[in-house]
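J.: One structure, as structure tokens, below. Some questions next.
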Amino acid sequence: MSETFPDYPCEIRPLSDGGGFLIVFPDLPGCMADGATIEEAIANGRDAVKSWILTAREFGDPVPEPGSGGEPGKFVQRLPKSLHAKLAARARQEGVSVNTLVLSFIAEGLGRRENRA
């Protein structure tokens with residue numbers, strides 16, 4: 001029997017030792033995985049989500065809807081690999097994280113928009 005599982009928002013970040021990536025699913029407490037590459041972390045993350053949901057169902061625990069948890073004010077967006085690569089290169093060049101770079105781009109764009117109004 002084949003069953004599909006919903007896509008849950010995730011956070012992906014480099015492991016602290018620089019050897020791979022960690023993926024965490026804020027809607028599913030304790031659900032996380034890692035991998036040597038981002039792609040591997042995502043694939044392993046899908047397996048982790050599947051296992052988390054199946055275990056919750058087995059024990060009669062509620063399964064949260066995607067997007068129902070996480071931190072207030074949190075913004076999670078999936079990017080095409082090519083765009084992520086460009087952002088990562090620019091972030092390295094500027095000596096900041098990708099998150100910091102994207103936040104600065106958003107703030108800059110909002111500031112321009114407010115100045116026009």
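Simple scheme: letters A, B, ... for chains in structure tokens order, numbers from 1 for residues in each chain, numbers from 1 for ligands in the order shown.
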Just list the residues in region 2-62 of chain A DSSP gives strand (DSSP E or B) on the backbone, as a PyMOL selection string.

T.: chain A and resi 11-14+21-24+32-35

J.: Could you save the residues just selected, with N, CA and C atoms, as a PDB file, in the first residue's frame?

T.:
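result_37.pdb, written as the output of this step:
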ATOM      1  N   GLU A  11      13.715  23.679   8.146  1.00  0.00           N
ATOM      2  CA  GLU A  11      14.882  24.548   8.259  1.00  0.00           C
ATOM      3  C   GLU A  11      16.092  23.687   7.928  1.00  0.00           C
ATOM      4  N   ILE A  12      16.961  24.197   7.076  1.00  0.00           N
ATOM      5  CA  ILE A  12      18.185  23.478   6.736  1.00  0.00           C
ATOM      6  C   ILE A  12      19.355  24.374   7.073  1.00  0.00           C
ATOM      7  N   ARG A  13      20.313  23.807   7.788  1.00  0.00           N
ATOM      8  CA  ARG A  13      21.503  24.592   8.138  1.00  0.00           C
ATOM      9  C   ARG A  13      22.722  23.682   8.169  1.00  0.00           C
ATOM     10  N   PRO A  14      23.892  24.275   7.956  1.00  0.00           N
ATOM     11  CA  PRO A  14      25.114  23.461   8.027  1.00  0.00           C
ATOM     12  C   PRO A  14      25.299  22.912   9.431  1.00  0.00           C
ATOM     13  N   PHE A  21      24.705  18.765   6.491  1.00  0.00           N
ATOM     14  CA  PHE A  21      23.582  19.660   6.749  1.00  0.00           C
ATOM     15  C   PHE A  21      22.553  18.985   7.637  1.00  0.00           C
ATOM     16  N   LEU A  22      21.891  19.790   8.460  1.00  0.00           N
ATOM     17  CA  LEU A  22      20.825  19.339   9.343  1.00  0.00           C
ATOM     18  C   LEU A  22      19.513  19.882   8.809  1.00  0.00           C
ATOM     19  N   ILE A  23      18.473  19.058   8.794  1.00  0.00           N
ATOM     20  CA  ILE A  23      17.129  19.496   8.423  1.00  0.00           C
ATOM     21  C   ILE A  23      16.218  19.243   9.613  1.00  0.00           C
ATOM     22  N   VAL A  24      15.430  20.261   9.982  1.00  0.00           N
ATOM     23  CA  VAL A  24      14.537  20.199  11.135  1.00  0.00           C
ATOM     24  C   VAL A  24      13.138  20.592  10.666  1.00  0.00           C
ATOM     25  N   MET A  32      13.929  15.389  12.784  1.00  0.00           N
ATOM     26  CA  MET A  32      15.088  15.977  12.125  1.00  0.00           C
ATOM     27  C   MET A  32      15.886  14.879  11.453  1.00  0.00           C
ATOM     28  N   ALA A  33      16.772  15.293  10.562  1.00  0.00           N
ATOM     29  CA  ALA A  33      17.660  14.355   9.879  1.00  0.00           C
ATOM     30  C   ALA A  33      18.876  15.142   9.410  1.00  0.00           C
ATOM     31  N   ASP A  34      19.849  14.439   8.873  1.00  0.00           N
ATOM     32  CA  ASP A  34      21.010  15.138   8.324  1.00  0.00           C
ATOM     33  C   ASP A  34      21.477  14.418   7.075  1.00  0.00           C
ATOM     34  N   GLY A  35      22.451  15.012   6.417  1.00  0.00           N
ATOM     35  CA  GLY A  35      23.019  14.415   5.216  1.00  0.00           C
ATOM     36  C   GLY A  35      24.291  15.132   4.835  1.00  0.00           C
TER      37      GLY A  35
END

J.: Do you know which residues are at most 9 Å from Tyr8 (chain A) counting only C-alpha atoms, after dropping those on the same chain fewer than 2 positions away, and could you put them as a compact mmCIF listing (two decimals) with N, CA, C and O atoms, in the first residue's frame?

T.:
# COMPACT_ATOMS: atom_id res chain seq x y z
N PHE A 5 2.78 11.57 1.93
CA PHE A 5 2.88 12.34 3.15
C PHE A 5 3.02 13.81 2.77
O PHE A 5 3.70 14.13 1.80
N PRO A 6 2.38 14.69 3.52
CA PRO A 6 2.42 16.11 3.15
C PRO A 6 3.82 16.70 3.31
O PRO A 6 4.66 16.17 4.02
N CYS A 10 10.48 23.29 6.60
CA CYS A 10 11.70 22.80 7.23
C CYS A 10 12.74 23.91 7.31
O CYS A 10 12.62 24.94 6.65
N PHE A 25 12.12 19.93 11.21
CA PHE A 25 10.73 20.20 10.86
C PHE A 25 10.03 20.78 12.10
O PHE A 25 9.64 20.02 12.99
N PRO A 26 9.86 22.11 12.18
CA PRO A 26 9.31 22.74 13.38
C PRO A 26 7.91 22.26 13.77
O PRO A 26 7.57 22.26 14.95
N ASP A 27 7.10 21.84 12.80
CA ASP A 27 5.75 21.38 13.11
C ASP A 27 5.72 20.02 13.79
O ASP A 27 4.72 19.66 14.39
N LEU A 28 6.81 19.27 13.66
CA LEU A 28 6.86 17.90 14.18
C LEU A 28 7.98 17.83 15.23
O LEU A 28 9.14 17.63 14.89
N VAL A 49 10.13 12.43 8.31
CA VAL A 49 8.73 12.87 8.41
C VAL A 49 7.79 11.66 8.32
O VAL A 49 6.86 11.52 9.12
N GLU A 65 -0.94 19.71 11.29
CA GLU A 65 -1.01 20.10 9.88
C GLU A 65 0.28 20.85 9.51
O GLU A 65 0.85 21.54 10.35
N PRO A 66 0.71 20.72 8.26
CA PRO A 66 1.89 21.49 7.82
C PRO A 66 1.65 22.98 8.00
O PRO A 66 0.58 23.50 7.72
N GLY A 67 2.66 23.65 8.53
CA GLY A 67 2.58 25.10 8.73
C GLY A 67 1.90 25.52 10.02
O GLY A 67 1.68 26.69 10.25

J.: From the set A:Ala48, A:Ala91, A:Leu54, A:Ala43, which residue has the shortest atom-to-atom contact distance to Cys31 (chain A), counting only C-alpha atoms?

T.: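 Of the candidates, the smallest distance to Cys31 (chain A) is held by A:Ala48.
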
J.: Quote the spacing between CA of Ala41 (chain A) and CA of Gly19 (chain A) in Å to one decimal place.

T.: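 Going from CA of Ala41 (chain A) over to CA of Gly19 (chain A), I get 11.8 Å.
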
J.: Given only C-alpha atoms as the basis, pick out the residue of A:Ser51, A:Asn99, A:Gln93, A:Asn44 nearest to Gln77 (chain A).

T.: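 Closest candidate: A:Asn99.
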
J.: Would you list, as a PyMOL selection string, the residues of chain A that end up in alpha helix (DSSP H) under DSSP run on this structure's backbone?

T.: chain A and resi 38-58+81-94+98-116
